[in-house]
Amino acid sequence: MAPSSHQCVGSTHPLLASRLFPHHPQSPGHVRAFVARLLASACPGVSAHADVIALCVSELATNAVAHGTPPDGQFAVAVVWDKRCICVEVRDTGGGSPVVASAAGTDEHGRGLALVQALADDWGVFFHPVGKTVWFALKAEGPG
């Protein structure tokens with residue numbers, strides 16, 4: 001599925017939590033831990049999706065560090081849960097548009113958004129005057 005052109009988090013969906021992370025190679029791991037702890041404590045119904053959520057949020061956070069955040073900058077992670085759907089957003093200050101690449105078997109990079117596209121029920125990009133938000137959503141009853 002192609003990315004949606006709308007933002008998944010709307011005013012009717014409750015924000016569970018958000019947090020800033022620094023441009024640092026260890027930040028994707030910290031993002032995974034933050035989201036996992038948050039979901040384990042506040043959303044026990046999504047535990048069956050923990051691996052998919054961890055993989056997708058890791059890919060988006062890695063892209064924010066690699067492509068969307070200056071060395072002295074930060075990126076934001078927001079988690080929304082409404083008992084039917086979990087949505088995770090990663091907002092950075094970088095330009096450009098995320099692209100689903102077709103990586104060759106020997107390529108070390110280029111599979112992240114393809115994995116998000118394959119595993120998430122929906123995903124997309126919302127552009128801001130400065131930066132963008134890349135998000136994915138999973139229905140409570142099962143991934144993609």
# chains A, B, ... in the order shown; residues from 1 in each chain; ligands from 1
>>> residues_around(residues="Ala78 (chain A)", least_positions_apart="3", cutoff="8 Å", atoms="only C-alpha atoms", output="list in words")
Leu15, Leu16, Ala17, Ser18, Arg19, Val88, Glu89 and Val90 of chain A
>>> residues_around(residues="Pro98 (chain A)", least_positions_apart="3", cutoff="10 Å", atoms="only C-alpha atoms", output="VMD selection string")
chain A and resid 3 60 63 67 to 68 95 101 113 124 to 125 132 134
>>> residues_around(residues="Val57 (chain A)", least_positions_apart="5", cutoff="9 Å", atoms="only C-alpha atoms", output="PyMOL selection string")
chain A and resi 28+31-32+35+52+62+77+88-90+116+135-136
>>> write_last_selection(atoms="N, CA, C and O atoms", output="PDB file, in the first residue's frame")
ATOM      1  N   PRO A  28      17.453   5.148  18.543  1.00  0.00           N
ATOM      2  CA  PRO A  28      16.416   4.175  18.157  1.00  0.00           C
ATOM      3  C   PRO A  28      16.166   3.100  19.217  1.00  0.00           C
ATOM      4  O   PRO A  28      15.022   2.719  19.459  1.00  0.00           O
ATOM      5  N   VAL A  31      14.120   4.720  21.887  1.00  0.00           N
ATOM      6  CA  VAL A  31      12.738   4.875  21.423  1.00  0.00           C
ATOM      7  C   VAL A  31      11.987   3.554  21.562  1.00  0.00           C
ATOM      8  O   VAL A  31      10.852   3.522  22.056  1.00  0.00           O
ATOM      9  N   ARG A  32      12.605   2.447  21.128  1.00  0.00           N
ATOM     10  CA  ARG A  32      11.967   1.126  21.269  1.00  0.00           C
ATOM     11  C   ARG A  32      11.601   0.850  22.719  1.00  0.00           C
ATOM     12  O   ARG A  32      10.495   0.392  23.023  1.00  0.00           O
ATOM     13  N   VAL A  35       8.635   3.126  23.915  1.00  0.00           N
ATOM     14  CA  VAL A  35       7.340   2.683  23.386  1.00  0.00           C
ATOM     15  C   VAL A  35       6.929   1.353  24.020  1.00  0.00           C
ATOM     16  O   VAL A  35       5.773   1.177  24.409  1.00  0.00           O
ATOM     17  N   VAL A  52       6.132  -6.243  16.068  1.00  0.00           N
ATOM     18  CA  VAL A  52       5.886  -5.411  14.889  1.00  0.00           C
ATOM     19  C   VAL A  52       6.034  -3.936  15.246  1.00  0.00           C
ATOM     20  O   VAL A  52       6.653  -3.169  14.506  1.00  0.00           O
ATOM     21  N   THR A  62      15.333   5.312  13.356  1.00  0.00           N
ATOM     22  CA  THR A  62      16.619   5.230  12.664  1.00  0.00           C
ATOM     23  C   THR A  62      16.656   6.206  11.488  1.00  0.00           C
ATOM     24  O   THR A  62      17.662   6.897  11.273  1.00  0.00           O
ATOM     25  N   VAL A  77       8.756  11.620  19.341  1.00  0.00           N
ATOM     26  CA  VAL A  77       7.981  10.396  19.162  1.00  0.00           C
ATOM     27  C   VAL A  77       6.676  10.559  19.940  1.00  0.00           C
ATOM     28  O   VAL A  77       6.700  10.934  21.115  1.00  0.00           O
ATOM     29  N   VAL A  88       1.942   5.357  16.022  1.00  0.00           N
ATOM     30  CA  VAL A  88       3.203   5.924  16.487  1.00  0.00           C
ATOM     31  C   VAL A  88       3.688   6.891  15.423  1.00  0.00           C
ATOM     32  O   VAL A  88       3.726   6.557  14.232  1.00  0.00           O
ATOM     33  N   GLU A  89       4.044   8.085  15.861  1.00  0.00           N
ATOM     34  CA  GLU A  89       4.551   9.127  14.971  1.00  0.00           C
ATOM     35  C   GLU A  89       5.983   9.476  15.348  1.00  0.00           C
ATOM     36  O   GLU A  89       6.310   9.554  16.533  1.00  0.00           O
ATOM     37  N   VAL A  90       6.790   9.735  14.334  1.00  0.00           N
ATOM     38  CA  VAL A  90       8.145  10.226  14.547  1.00  0.00           C
ATOM     39  C   VAL A  90       8.273  11.511  13.729  1.00  0.00           C
ATOM     40  O   VAL A  90       8.159  11.490  12.502  1.00  0.00           O
ATOM     41  N   VAL A 116       8.021  -1.327   7.125  1.00  0.00           N
ATOM     42  CA  VAL A 116       6.883  -0.623   7.727  1.00  0.00           C
ATOM     43  C   VAL A 116       5.658  -0.774   6.834  1.00  0.00           C
ATOM     44  O   VAL A 116       4.563  -1.090   7.313  1.00  0.00           O
ATOM     45  N   TRP A 135       4.518   8.257  10.219  1.00  0.00           N
ATOM     46  CA  TRP A 135       3.733   7.516  11.200  1.00  0.00           C
ATOM     47  C   TRP A 135       3.324   6.153  10.664  1.00  0.00           C
ATOM     48  O   TRP A 135       3.332   5.920   9.465  1.00  0.00           O
ATOM     49  N   PHE A 136       2.973   5.275  11.580  1.00  0.00           N
ATOM     50  CA  PHE A 136       2.368   3.995  11.210  1.00  0.00           C
ATOM     51  C   PHE A 136       1.255   3.688  12.197  1.00  0.00           C
ATOM     52  O   PHE A 136       1.249   4.178  13.322  1.00  0.00           O
TER      53      PHE A 136
END
>>> closest_residue(among="A:Cys85, A:Ala118, A:Leu20, A:Val130", to="Gly45 (chain A)", atoms="only C-alpha atoms")
A:Cys85
>>> closest_residue(among="A:Ala114, A:Ala64, A:Cys56, A:Val46", to="Gly131 (chain A)", atoms="only C-alpha atoms")
A:Ala64
>>> atom_distance(atom1="CA of Cys87 (chain A)", atom2="CA of His24 (chain A)")
23.5 Å
